[in-house]
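Text of the file protein_14.txt, holding compact mmCIF, C-alpha atoms:
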# COMPACT_ATOMS: atom_id res chain seq x y z
CA MET A 20 64.22 130.69 137.86
CA ASP A 21 60.51 131.19 137.20
CA THR A 22 59.22 134.37 135.63
CA LEU A 23 59.53 137.24 138.12
CA LEU A 24 56.56 139.58 137.98
CA TYR A 25 56.07 142.87 139.84
CA LEU A 26 52.88 144.95 139.61
CA GLU A 27 52.23 148.33 141.22
CA GLU A 28 49.37 150.76 140.76
CA LEU A 29 50.64 154.33 140.57
CA ALA A 30 48.60 157.30 141.80
CA LEU A 31 49.30 160.24 139.45
CA ILE A 32 48.48 163.35 141.45
CA ARG A 33 48.06 166.68 139.65
CA PRO A 34 47.28 170.08 141.22
CA ASP A 35 43.68 169.82 140.00
CA SER A 36 43.15 166.17 139.08
CA ARG A 37 44.16 162.59 139.79
CA PHE A 38 44.81 159.61 137.53
CA LYS A 39 46.05 156.07 137.93
CA ALA A 40 48.60 154.03 136.00
CA GLN A 41 49.77 150.44 136.24
CA LEU A 42 53.48 149.64 136.36
CA CYS A 43 54.77 146.16 135.58
CA LEU A 44 58.30 144.75 135.64
CA SER A 45 59.11 141.22 134.58
CA SER A 46 62.27 139.17 134.37
CA ARG A 47 62.94 135.73 132.95
CA THR A 48 66.38 134.32 132.30
CA TYR A 49 65.44 131.33 130.16
CA PRO A 50 63.73 131.61 126.76
CA TYR A 51 60.03 131.23 126.13
CA GLU A 52 59.04 128.12 124.23
CA ASP A 53 56.80 128.53 121.19
CA THR A 54 53.96 126.83 123.08
CA GLU A 55 54.17 129.49 125.82
CA ALA A 56 54.24 132.27 123.24
CA LEU A 57 50.96 130.92 121.88
CA SER A 58 49.25 131.58 125.23
CA THR A 59 50.73 135.08 125.59
CA LEU A 60 50.53 136.52 122.08
CA HIS A 61 47.50 137.58 120.05
CA GLU A 62 47.22 135.90 116.64
CA GLN A 63 48.32 139.15 114.98
CA GLU A 64 51.41 139.29 117.22
CA LEU A 65 52.24 135.66 116.49
CA ALA A 66 52.68 136.45 112.81
CA TYR A 67 55.33 139.02 113.71
CA TYR A 68 56.91 136.73 116.35
CA ARG A 69 57.45 133.92 113.83
CA LYS A 70 59.50 136.24 111.59
CA LEU A 71 61.94 137.17 114.35
CA GLN A 72 65.36 135.67 114.92
CA TYR A 73 65.67 133.38 117.95
CA LYS A 74 67.23 135.94 120.35
CA ARG A 75 64.70 138.64 119.48
CA LYS A 76 61.79 136.26 120.04
CA HIS A 77 62.51 136.09 123.77
CA SER A 78 62.73 139.86 124.30
CA PHE A 79 59.57 140.38 122.23
CA VAL A 80 57.56 137.90 124.32
CA VAL A 81 58.85 139.16 127.69
CA GLY A 82 57.98 142.71 126.60
CA ARG A 83 54.47 141.77 125.49
CA TYR A 84 53.93 139.63 128.60
CA CYS A 85 54.86 142.58 130.80
CA ALA A 86 52.67 145.01 128.83
CA LYS A 87 49.64 142.73 128.96
CA GLN A 88 50.01 142.14 132.69
CA ALA A 89 49.99 145.93 133.15
CA ILE A 90 46.92 146.31 130.93
CA SER A 91 45.11 143.46 132.74
CA ALA A 92 45.91 144.91 136.17
CA TYR A 93 44.83 148.42 135.08
CA ASN A 94 41.48 147.05 133.90
CA ARG A 95 41.24 144.77 136.96
CA MET A 96 40.69 141.67 134.86
CA ALA A 97 40.01 138.80 137.28
CA GLU A 98 41.37 136.10 134.95
CA PRO A 99 43.26 137.85 132.16
CA GLN A 100 43.51 136.06 128.83
CA LEU A 101 46.76 137.55 127.59
CA GLY A 102 46.35 136.11 124.10
CA GLN A 103 43.17 138.14 123.60
CA ILE A 104 45.01 141.45 124.13
CA TRP A 105 46.62 142.80 120.97
CA VAL A 106 49.44 145.35 121.25
CA GLN A 107 49.96 146.58 117.70
CA GLN A 108 52.87 148.65 116.36
CA GLY A 109 52.07 152.20 115.25
CA VAL A 110 53.64 154.03 112.32
CA PHE A 111 56.61 155.04 114.49
CA GLN A 112 56.80 151.56 116.09
CA GLN A 113 55.02 152.87 119.20
CA PRO A 114 52.79 150.30 120.95
CA VAL A 115 49.04 150.71 120.40
CA ILE A 116 46.48 148.78 122.45
CA MET A 117 43.79 147.09 120.35
CA LEU A 118 41.29 146.16 123.05
CA PRO A 119 37.64 147.14 123.59
CA ARG A 120 37.62 149.32 126.71
CA THR A 121 35.63 151.96 128.52
CA GLU A 122 38.36 154.63 128.46
CA PRO A 123 41.21 155.49 126.07
CA LEU A 124 44.20 153.52 127.35
CA GLN A 125 47.83 153.57 126.23
CA ILE A 126 50.92 151.50 126.97
CA THR A 127 54.65 152.24 127.05
CA ILE A 128 57.04 149.27 126.86
CA THR A 129 60.76 148.67 127.22
CA HIS A 130 62.86 145.51 127.30
CA CYS A 131 66.54 144.70 127.51
CA ASP A 132 67.95 141.17 127.55
CA HIS A 133 65.82 139.13 129.99
CA ILE A 134 64.02 142.03 131.70
CA ALA A 135 61.07 144.17 130.63
CA ALA A 136 58.99 147.02 132.02
CA ALA A 137 55.69 148.54 130.95
CA ILE A 138 53.18 151.11 132.15
CA ALA A 139 49.50 151.18 131.20
CA PHE A 140 48.13 154.71 131.51
CA PRO A 141 45.11 156.81 130.51
CA GLU A 142 45.42 158.72 127.25
CA ALA A 143 44.75 161.94 129.17
CA HIS A 144 48.00 161.55 131.11
CA PRO A 145 51.07 160.59 129.02
CA LEU A 146 54.00 158.56 130.36
CA GLY A 147 57.13 157.04 128.84
CA ILE A 148 59.46 154.33 130.17
CA ASP A 149 62.88 153.03 129.17
CA LEU A 150 65.28 150.52 130.67
CA GLU A 151 68.87 149.82 129.61
CA LYS A 152 71.75 147.74 130.96
CA ILE A 153 74.72 149.50 132.55
CA ASP A 154 77.44 148.29 130.19
CA GLY A 155 80.95 149.64 129.68
CA ALA A 156 80.76 148.59 126.04
CA ASN A 157 78.16 151.33 125.48
CA VAL A 158 80.21 154.20 126.95
CA SER A 159 81.73 155.46 123.69
CA ALA A 160 78.43 155.32 121.83
CA ILE A 161 76.56 157.26 124.53
CA GLU A 162 79.38 159.78 124.99
CA SER A 163 79.18 160.61 121.29
CA GLN A 164 75.51 161.54 121.70
CA ILE A 165 75.55 163.75 124.81
CA THR A 166 76.20 167.48 124.96
CA ALA A 167 79.17 169.26 126.55
CA SER A 168 76.83 170.59 129.24
CA GLU A 169 75.66 167.06 130.11
CA LYS A 170 79.25 165.78 130.30
CA HIS A 171 80.11 168.57 132.73
CA MET A 172 76.96 167.93 134.76
CA ILE A 173 77.60 164.22 135.38
CA ALA A 174 81.31 164.85 136.06
CA ASP A 175 80.29 166.99 139.04
CA THR A 176 78.17 164.26 140.67
CA PRO A 177 79.16 161.30 142.89
CA LEU A 178 77.52 158.87 140.44
CA ASP A 179 79.39 156.03 138.82
CA TYR A 180 80.20 157.24 135.29
CA GLU A 181 78.72 154.30 133.37
CA ALA A 182 75.51 154.43 135.43
CA ALA A 183 75.26 158.20 134.93
CA LEU A 184 75.61 157.82 131.15
CA THR A 185 72.95 155.10 131.14
CA MET A 186 70.66 157.35 133.18
CA LEU A 187 71.07 160.13 130.59
CA TRP A 188 70.29 157.72 127.77
CA THR A 189 67.20 156.18 129.37
CA SER A 190 65.87 159.60 130.37
CA LYS A 191 66.13 160.75 126.77
CA GLU A 192 64.62 157.58 125.33
CA SER A 193 61.70 157.67 127.77
CA LEU A 194 61.10 161.29 126.71
CA SER A 195 61.14 160.24 123.05
CA LYS A 196 58.46 157.67 123.86
CA ILE A 197 56.20 160.14 125.61
CA LEU A 198 56.58 162.42 122.55
CA LYS A 199 56.05 159.42 120.22
CA THR A 200 59.06 160.38 118.11
CA GLY A 201 61.39 157.54 119.02
CA LEU A 202 65.06 158.43 118.68
CA MET A 203 64.50 159.85 115.19
CA THR A 204 65.08 163.42 116.33
CA PRO A 205 68.67 164.72 116.88
CA LEU A 206 69.53 163.72 120.45
CA PRO A 207 70.72 167.20 121.55
CA VAL A 208 67.04 168.21 121.31
CA TYR A 209 66.42 165.94 124.33
CA GLU A 210 69.21 167.57 126.37
CA ILE A 211 69.01 167.25 130.15
CA ASN A 212 69.75 170.46 132.03
CA HIS A 213 69.31 169.48 135.69
CA MET A 214 69.84 166.46 137.95
CA ASP A 215 68.52 166.13 141.49
CA ILE A 216 70.16 163.14 143.22
CA LYS A 217 67.89 161.70 145.89
CA GLN A 218 68.36 158.76 148.23
CA ASP A 219 66.92 156.09 145.94
CA CYS A 220 66.54 157.81 142.56
CA ILE A 221 67.59 160.67 140.30
CA VAL A 222 65.14 163.32 139.06
CA THR A 223 66.03 165.10 135.82
CA SER A 224 64.57 167.90 133.71
CA TYR A 225 64.96 168.84 130.04
CA THR A 226 66.25 171.97 128.31
CA ASN A 227 63.69 172.02 125.50
CA PHE A 228 60.77 170.23 127.17
CA ALA A 229 60.25 172.06 130.44
CA GLN A 230 56.78 170.51 130.80
CA TYR A 231 58.33 167.09 131.47
CA SER A 232 60.54 165.52 134.12
CA ALA A 233 62.00 162.03 134.59
CA VAL A 234 62.70 159.79 137.55
CA SER A 235 65.50 157.21 137.17
CA PHE A 236 66.37 154.30 139.44
CA ARG A 237 68.39 151.11 139.51
CA VAL A 238 66.82 147.75 138.59
CA GLY A 239 69.53 145.15 139.12
CA HIS A 240 72.26 145.90 136.58
CA HIS A 241 69.93 148.19 134.63
CA ILE A 242 68.69 151.78 134.89
CA CYS A 243 64.98 152.46 134.45
CA SER A 244 63.63 155.95 133.66
CA ILE A 245 60.02 157.14 133.65
CA THR A 246 59.24 160.48 131.98
CA HIS A 247 56.08 162.23 133.15
CA PRO A 248 54.41 165.67 133.11
CA LYS A 249 56.44 167.85 135.47
CA ARG A 250 53.55 168.92 137.68
CA THR A 251 52.54 165.33 138.37
CA GLU A 252 53.56 163.74 141.65
CA PHE A 253 53.73 159.97 142.08
CA LYS A 254 55.71 157.41 144.04
CA VAL A 255 57.22 154.13 142.90
CA ASN A 256 58.11 151.50 145.50
CA ILE A 257 61.76 151.52 144.45
CA ALA A 258 62.92 149.67 147.56
CA GLU A 259 60.67 146.71 146.73
CA ILE A 260 61.76 146.71 143.08
CA GLN A 261 65.40 146.70 144.13
CA ARG A 262 64.76 143.91 146.63
CA LEU A 263 63.20 141.76 143.93
CA PHE A 264 65.45 142.59 140.99
CA GLY A 265 68.85 143.24 142.56
CA SER A 266 71.22 145.90 143.78
CA SER A 267 70.21 149.45 144.73
CA CYS A 268 71.15 152.87 143.41
CA ALA A 269 73.42 153.25 146.41
CA ALA A 270 75.84 150.84 144.72
CA ASP A 271 76.55 153.54 142.14
CA VAL A 272 77.47 156.27 144.60
CA ARG A 273 81.17 156.60 145.40

What is this file in structure tokens?
Amino acid sequence: MDTLLYLEELALIRPDSRFKAQLCLSSRTYPYEDTEALSTLHEQELAYYRKLQYKRKHSFVVGRYCAKQAISAYNRMAEPQLGQIWVQQGVFQQPVIMLPRTEPLQITITHCDHIAAAIAFPEAHPLGIDLEKIDGANVSAIESQITASEKHMIADTPLDYEAALTMLWTSKESLSKILKTGLMTPLPVYEINHMDIKQDCIVTSYTNFAQYSAVSFRVGHHICSITHPKRTEFKVNIAEIQRLFGSSCAADVR
């Protein structure tokens, strides 16, 4: 298949202000060739790319491709030159945009296997995104990192257990990205204390970070979570994403 690309501008509506963000999802099942990487990556990124093992090269390029498409769409670049956009790694491995621009712009990136997602957003309005595959092999590892309260909470829902665990994990990782800590803080600090199961998504809130909330939804065999300031309202065209990338959240409800 060719590279699948989905772009959507998000309207971030606050009680007293309004912002925009640019969501991008991309999927590609076959690896990028080095010649293609040359057209996507900045010269500074190429140096890092050449040090990676073969499997990691593909996920790195699909992640950067997705991020740069989001940045280009946010800035409304008519003919984006992806290789001119440099997404550098910060001291905590967080992505940092190195691009002359008229407003402070940030990017949050996630990738898993052949699929990636990114959001370009104004520095004034933080966002974090994470995407992980629903995989039974990860159950024990995730179970060891969730609290007794979280175990009880997901046991009382109609959600498929593996999908529910993946939702908890991606919600926490997307929070860690918005806080720019990565998963270097003890995971119980990111505890989820409430789940609201809606028709096409799950909305969660956090015990220790009441100012944030997360929305989680299915993307094929993956769960994607976006953490955002709690008083912000926005809509993602989840139905269109599910149409393009695979099965819906309804597949996880017994």

Interface rows for region 193-237 of chain A against region 242-263 of chain A: nearest pair, Å to one decimal, 8 Å, all atoms listed in the file, as JSON lines:
{"residue": "A:Ser193", "atom": "CA", "partner": "A:Thr246", "partner_atom": "CA", "distance": 5.6}
{"residue": "A:Leu194", "atom": "CA", "partner": "A:Thr246", "partner_atom": "CA", "distance": 5.6}
{"residue": "A:Ile197", "atom": "CA", "partner": "A:Thr246", "partner_atom": "CA", "distance": 7.1}
{"residue": "A:Asp219", "atom": "CA", "partner": "A:Ile257", "partner_atom": "CA", "distance": 7.1}
{"residue": "A:Ala229", "atom": "CA", "partner": "A:Lys249", "partner_atom": "CA", "distance": 7.6}
{"residue": "A:Gln230", "atom": "CA", "partner": "A:Lys249", "partner_atom": "CA", "distance": 5.4}
{"residue": "A:Tyr231", "atom": "CA", "partner": "A:Pro248", "partner_atom": "CA", "distance": 4.5}
{"residue": "A:Ser232", "atom": "CA", "partner": "A:Lys249", "partner_atom": "CA", "distance": 4.9}
{"residue": "A:Ala233", "atom": "CA", "partner": "A:Thr246", "partner_atom": "CA", "distance": 4.1}
{"residue": "A:Val234", "atom": "CA", "partner": "A:Ile245", "partner_atom": "CA", "distance": 5.4}
{"residue": "A:Ser235", "atom": "CA", "partner": "A:Ser244", "partner_atom": "CA", "distance": 4.2}
{"residue": "A:Phe236", "atom": "CA", "partner": "A:Cys243", "partner_atom": "CA", "distance": 5.5}
{"residue": "A:Arg237", "atom": "CA", "partner": "A:Ile242", "partner_atom": "CA", "distance": 4.7}

>> Ranking A:Glu52, A:Asp21, A:Leu146, A:Glu122 by minimum distance to Leu198 (chain A) and counting all atoms listed in the file, which one comes first?
In response: A:Leu146

> Neighbours of Pro205 (chain A) within 10 Å (all atoms listed in the file; same-chain residues fewer than 4 positions away dropped), as a list in words?
Replying inline: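 Final neighbour list, sorted by chain and number: Gln164, Tyr209 and Glu210 of chain A.
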
Once you add 6 Å to each side, what are the centre and edge lengths of the axis-aligned box holding all listed atoms of region 35-51 of chain A? One decimal in Å, as AutoDock Vina command-line options, if you can.
--center_x 54.8 --center_y 150.5 --center_z 133.1 --size_x 35.2 --size_y 50.6 --size_z 25.9

> For Val106 (chain A), which of A:Tyr180, A:Tyr67, A:Trp188, A:Tyr73 is the closest residue, counting all atoms listed in the file?
Replying inline: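 So, comparing all the options, the nearest one is A:Tyr67.
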
> Smallest atom-to-atom distance to Ile104 (chain A): which of A:Lys76, A:His144, A:Lys70, A:His61, using only C-alpha atoms?
Replying inline: A:His61

> Nearest to Ile138 (chain A) among A:Gln108, A:Ser168, A:Thr48, A:Gln88, with distances taken over all atoms listed in the file: which residue is it?
Replying inline: A:Gln88

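From CA of Tyr49 (chain A) back to CA of Ala135 (chain A), the distance works out to 13.6 Å.
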
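When CA of His240 (chain A) is paired with CA of Gly265 (chain A), their separation reads 7.4 Å.
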
> For Ile173 (chain A), which residue among A:His213, A:Lys191, A:His133, A:Lys196 is the nearest when counting only C-alpha atoms?
Replying inline: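 The shortest atom-to-atom distance to Ile173 (chain A) comes from A:His213.
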
>> I'd like the interatomic distance between CA of Pro141 (chain A) and CA of Leu23 (chain A), to a tenth of an Å.
In response: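 Interatomic distance, CA of Pro141 (chain A) to CA of Leu23 (chain A): 25.5 Å.
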
How would region 212-239 of chain A read, as a PDB file, in the frame of the given file, once N, CA and C atoms are built in?
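See out.pdb below for the written result:
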ATOM      1  N   ASN A 212      69.078 169.266 131.494  1.00  0.00           N
ATOM      2  CA  ASN A 212      69.750 170.460 132.030  1.00  0.00           C
ATOM      3  C   ASN A 212      69.835 170.485 133.556  1.00  0.00           C
ATOM      4  N   HIS A 213      69.251 169.480 134.225  1.00  0.00           N
ATOM      5  CA  HIS A 213      69.310 169.480 135.690  1.00  0.00           C
ATOM      6  C   HIS A 213      69.162 168.060 136.216  1.00  0.00           C
ATOM      7  N   MET A 214      69.938 167.739 137.252  1.00  0.00           N
ATOM      8  CA  MET A 214      69.840 166.460 137.950  1.00  0.00           C
ATOM      9  C   MET A 214      69.690 166.704 139.432  1.00  0.00           C
ATOM     10  N   ASP A 215      68.727 166.051 140.049  1.00  0.00           N
ATOM     11  CA  ASP A 215      68.520 166.130 141.490  1.00  0.00           C
ATOM     12  C   ASP A 215      68.718 164.709 142.045  1.00  0.00           C
ATOM     13  N   ILE A 216      69.832 164.477 142.726  1.00  0.00           N
ATOM     14  CA  ILE A 216      70.160 163.140 143.220  1.00  0.00           C
ATOM     15  C   ILE A 216      69.519 162.939 144.581  1.00  0.00           C
ATOM     16  N   LYS A 217      68.579 162.008 144.644  1.00  0.00           N
ATOM     17  CA  LYS A 217      67.890 161.700 145.890  1.00  0.00           C
ATOM     18  C   LYS A 217      68.410 160.376 146.439  1.00  0.00           C
ATOM     19  N   GLN A 218      67.847 159.939 147.557  1.00  0.00           N
ATOM     20  CA  GLN A 218      68.360 158.760 148.230  1.00  0.00           C
ATOM     21  C   GLN A 218      68.245 157.498 147.374  1.00  0.00           C
ATOM     22  N   ASP A 219      67.135 157.336 146.681  1.00  0.00           N
ATOM     23  CA  ASP A 219      66.920 156.090 145.940  1.00  0.00           C
ATOM     24  C   ASP A 219      66.691 156.306 144.451  1.00  0.00           C
ATOM     25  N   CYS A 220      66.799 157.544 143.969  1.00  0.00           N
ATOM     26  CA  CYS A 220      66.540 157.810 142.560  1.00  0.00           C
ATOM     27  C   CYS A 220      67.190 159.127 142.139  1.00  0.00           C
ATOM     28  N   ILE A 221      67.093 159.417 140.853  1.00  0.00           N
ATOM     29  CA  ILE A 221      67.590 160.670 140.300  1.00  0.00           C
ATOM     30  C   ILE A 221      66.441 161.315 139.521  1.00  0.00           C
ATOM     31  N   VAL A 222      66.187 162.585 139.765  1.00  0.00           N
ATOM     32  CA  VAL A 222      65.140 163.320 139.060  1.00  0.00           C
ATOM     33  C   VAL A 222      65.815 164.284 138.096  1.00  0.00           C
ATOM     34  N   THR A 223      65.417 164.250 136.829  1.00  0.00           N
ATOM     35  CA  THR A 223      66.030 165.100 135.820  1.00  0.00           C
ATOM     36  C   THR A 223      64.982 165.951 135.118  1.00  0.00           C
ATOM     37  N   SER A 224      65.444 167.050 134.523  1.00  0.00           N
ATOM     38  CA  SER A 224      64.570 167.900 133.710  1.00  0.00           C
ATOM     39  C   SER A 224      65.258 168.186 132.387  1.00  0.00           C
ATOM     40  N   TYR A 225      64.493 168.706 131.419  1.00  0.00           N
ATOM     41  CA  TYR A 225      64.960 168.840 130.040  1.00  0.00           C
ATOM     42  C   TYR A 225      65.041 170.301 129.611  1.00  0.00           C
ATOM     43  N   THR A 226      66.040 170.607 128.797  1.00  0.00           N
ATOM     44  CA  THR A 226      66.250 171.970 128.310  1.00  0.00           C
ATOM     45  C   THR A 226      65.097 172.444 127.446  1.00  0.00           C
ATOM     46  N   ASN A 227      64.664 171.609 126.503  1.00  0.00           N
ATOM     47  CA  ASN A 227      63.690 172.020 125.500  1.00  0.00           C
ATOM     48  C   ASN A 227      62.261 171.528 125.782  1.00  0.00           C
ATOM     49  N   PHE A 228      62.090 170.763 126.841  1.00  0.00           N
ATOM     50  CA  PHE A 228      60.770 170.230 127.170  1.00  0.00           C
ATOM     51  C   PHE A 228      60.527 170.436 128.668  1.00  0.00           C
ATOM     52  N   ALA A 229      60.369 171.692 129.032  1.00  0.00           N
ATOM     53  CA  ALA A 229      60.250 172.060 130.440  1.00  0.00           C
ATOM     54  C   ALA A 229      58.979 171.496 131.080  1.00  0.00           C
ATOM     55  N   GLN A 230      58.037 171.053 130.257  1.00  0.00           N
ATOM     56  CA  GLN A 230      56.780 170.510 130.800  1.00  0.00           C
ATOM     57  C   GLN A 230      56.930 169.088 131.309  1.00  0.00           C
ATOM     58  N   TYR A 231      58.115 168.478 131.066  1.00  0.00           N
ATOM     59  CA  TYR A 231      58.330 167.090 131.470  1.00  0.00           C
ATOM     60  C   TYR A 231      59.487 166.973 132.451  1.00  0.00           C
ATOM     61  N   SER A 232      59.459 165.882 133.212  1.00  0.00           N
ATOM     62  CA  SER A 232      60.540 165.520 134.120  1.00  0.00           C
ATOM     63  C   SER A 232      60.681 163.999 134.066  1.00  0.00           C
ATOM     64  N   ALA A 233      61.794 163.479 134.581  1.00  0.00           N
ATOM     65  CA  ALA A 233      62.000 162.030 134.590  1.00  0.00           C
ATOM     66  C   ALA A 233      62.536 161.594 135.943  1.00  0.00           C
ATOM     67  N   VAL A 234      62.139 160.411 136.355  1.00  0.00           N
ATOM     68  CA  VAL A 234      62.700 159.790 137.550  1.00  0.00           C
ATOM     69  C   VAL A 234      63.423 158.524 137.101  1.00  0.00           C
ATOM     70  N   SER A 235      64.665 158.350 137.567  1.00  0.00           N
ATOM     71  CA  SER A 235      65.500 157.210 137.170  1.00  0.00           C
ATOM     72  C   SER A 235      65.946 156.454 138.410  1.00  0.00           C
ATOM     73  N   PHE A 236      65.964 155.119 138.301  1.00  0.00           N
ATOM     74  CA  PHE A 236      66.370 154.300 139.440  1.00  0.00           C
ATOM     75  C   PHE A 236      66.976 152.990 138.950  1.00  0.00           C
ATOM     76  N   ARG A 237      67.683 152.344 139.834  1.00  0.00           N
ATOM     77  CA  ARG A 237      68.390 151.110 139.510  1.00  0.00           C
ATOM     78  C   ARG A 237      67.430 149.916 139.566  1.00  0.00           C
ATOM     79  N   VAL A 238      67.541 149.026 138.591  1.00  0.00           N
ATOM     80  CA  VAL A 238      66.820 147.750 138.590  1.00  0.00           C
ATOM     81  C   VAL A 238      67.872 146.677 138.296  1.00  0.00           C
ATOM     82  N   GLY A 239      68.438 146.091 139.327  1.00  0.00           N
ATOM     83  CA  GLY A 239      69.530 145.150 139.120  1.00  0.00           C
ATOM     84  C   GLY A 239      70.711 145.850 138.463  1.00  0.00           C
TER      85      GLY A 239
END
